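Only one structure is covered here, and it is reproduced in the block below.
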Amino acid sequence: MSFRRRRKKKDRRRFRGVFLLPNLITTGSLFAGFYGIIAAIDGRFYAAAWAILVSMVLDGLDGRIARMTKSTSGFGVQYDSLADLVAFGVAPAILVYLWALKPYQQFGWAAAFLFVVCGALRLARFNVQTGSIDPRYFNGLPIPAAAMMVATVVAFYTELGEYAPERSMFILVTIYVLSFLMVSNIKYISFKKVELFRRHPFHTLVGLVLIFVVVATAPNIMGFFLMAVYVASGPVSTFMYYRRSSLPDKGENEAPTPKLTDSQGL
């Protein structure tokens, strides 16, 4: 057997398997999203909202663990996108339709379908643009953030109970806005580049502890406000992105320091 044939056979053997740990976590995220669909159909809307939250946590873990263990793969990327479409596209759309949009009949399910379509387009565009855009920013509202906005709205209204305002029109407008933001070019800050295993200023730890305590005191209410702030932060992030891009580099404006020759230095 020639060296080239042995090498090809070895390469095929190398890429035959899949990495278990990150893909199992992705499966857990998909399971949580599917459970959210079942809970919404059964009328347990609060449980469905928390299932979407669990799915988002697992979705954030699988990529980080894959990078930490150097087990990233093309299969994992595609599987993660398919799981995201179910957990963050189909699950919140069914939840919000059965919870608030059903009275609008065709306008209600059309809004829910628009959310799913824009989420799918958002995922496809993200996969295509990976590596060609600034990794510090998302191009458009990420689909997990849009799903979490829906889930926290449900939890917020559940917490308020009888004091909650009329929801149908507010939710209908919110779904259309979230759908537009997902396929827009508005920039959102990405937290994927946050290094958890390196030194940070002390006030960063204090700020994170403060946020944790505030959310823990009233998770249903504070979770909604935190997600609303993130969704509304898009224009600010876009302004910062283009302002930073328009600033000239330091090296371009500074005149080069003349290098002294031996005769000039004497």
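Residue numbering restarts at 1 in every chain; chains get A, B, ... in the order shown in the structure tokens, and ligands count up from 1 in that same order.
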ask   = Can you tell me, as a PyMOL selection string, what residues are no more than 12 Å from Phe239 in chain A when counting only C-alpha atoms, ignoring any on the same chain fewer than 3 positions away?
value = chain A and resi 137+185-189+233-236+242-246
inquiry  = List as a PyMOL selection string the protein and nucleic acid residues near range 214-224 of chain A, meaning an atom at most 9 Å away when only C-alpha atoms are counted, but skip any in the same chain fewer than 2 places from it.
reply    = chain A and resi 148-160+209-212+226-229
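If you measure from each of A:Val116, A:Pro142, A:Val90, A:Ser29 to Val57 in chain A using only C-alpha atoms, the closest one turns out to be A:Ser29.
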request  = Name the residues of range 56-211 of chain A that come out as strand (DSSP E or B) in a backbone DSSP run; write them as a list in words.
outcome  = Tyr137, Phe138, Asn139, Lys187, Tyr188 and Ile189 of chain A
Could you take the residues named above and write them with N, CA, C and O atoms, as a PDB file, in the first residue's frame?
ATOM      1  N   TYR A 137     -18.923  41.292  18.540  1.00  0.00           N
ATOM      2  CA  TYR A 137     -20.301  41.734  18.315  1.00  0.00           C
ATOM      3  C   TYR A 137     -21.071  40.683  17.529  1.00  0.00           C
ATOM      4  O   TYR A 137     -20.500  39.966  16.702  1.00  0.00           O
ATOM      5  N   PHE A 138     -22.375  40.596  17.814  1.00  0.00           N
ATOM      6  CA  PHE A 138     -23.295  39.819  16.997  1.00  0.00           C
ATOM      7  C   PHE A 138     -23.906  40.727  15.940  1.00  0.00           C
ATOM      8  O   PHE A 138     -24.225  41.879  16.220  1.00  0.00           O
ATOM      9  N   ASN A 139     -24.087  40.196  14.748  1.00  0.00           N
ATOM     10  CA  ASN A 139     -24.753  40.943  13.678  1.00  0.00           C
ATOM     11  C   ASN A 139     -26.242  40.609  13.734  1.00  0.00           C
ATOM     12  O   ASN A 139     -26.704  39.620  13.179  1.00  0.00           O
ATOM     13  N   LYS A 187     -25.858  45.833  15.792  1.00  0.00           N
ATOM     14  CA  LYS A 187     -24.805  45.105  16.493  1.00  0.00           C
ATOM     15  C   LYS A 187     -25.177  44.914  17.963  1.00  0.00           C
ATOM     16  O   LYS A 187     -25.674  45.833  18.613  1.00  0.00           O
ATOM     17  N   TYR A 188     -24.910  43.718  18.458  1.00  0.00           N
ATOM     18  CA  TYR A 188     -25.105  43.400  19.867  1.00  0.00           C
ATOM     19  C   TYR A 188     -23.804  42.839  20.426  1.00  0.00           C
ATOM     20  O   TYR A 188     -23.111  42.073  19.760  1.00  0.00           O
ATOM     21  N   ILE A 189     -23.508  43.235  21.645  1.00  0.00           N
ATOM     22  CA  ILE A 189     -22.261  42.802  22.275  1.00  0.00           C
ATOM     23  C   ILE A 189     -22.283  41.295  22.481  1.00  0.00           C
ATOM     24  O   ILE A 189     -23.266  40.728  22.973  1.00  0.00           O
TER      25      ILE A 189
END
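Distances to Ala48 in chain A were evaluated for A:Leu24, A:Leu95, A:Leu123, A:Asp134 using only C-alpha atoms, and the minimum falls at A:Leu95.
Proximity of A:Asn23, A:Gln105, A:Ser55, A:Thr204 to Ser73 in chain A, computed with only C-alpha atoms, is greatest for A:Asn23.
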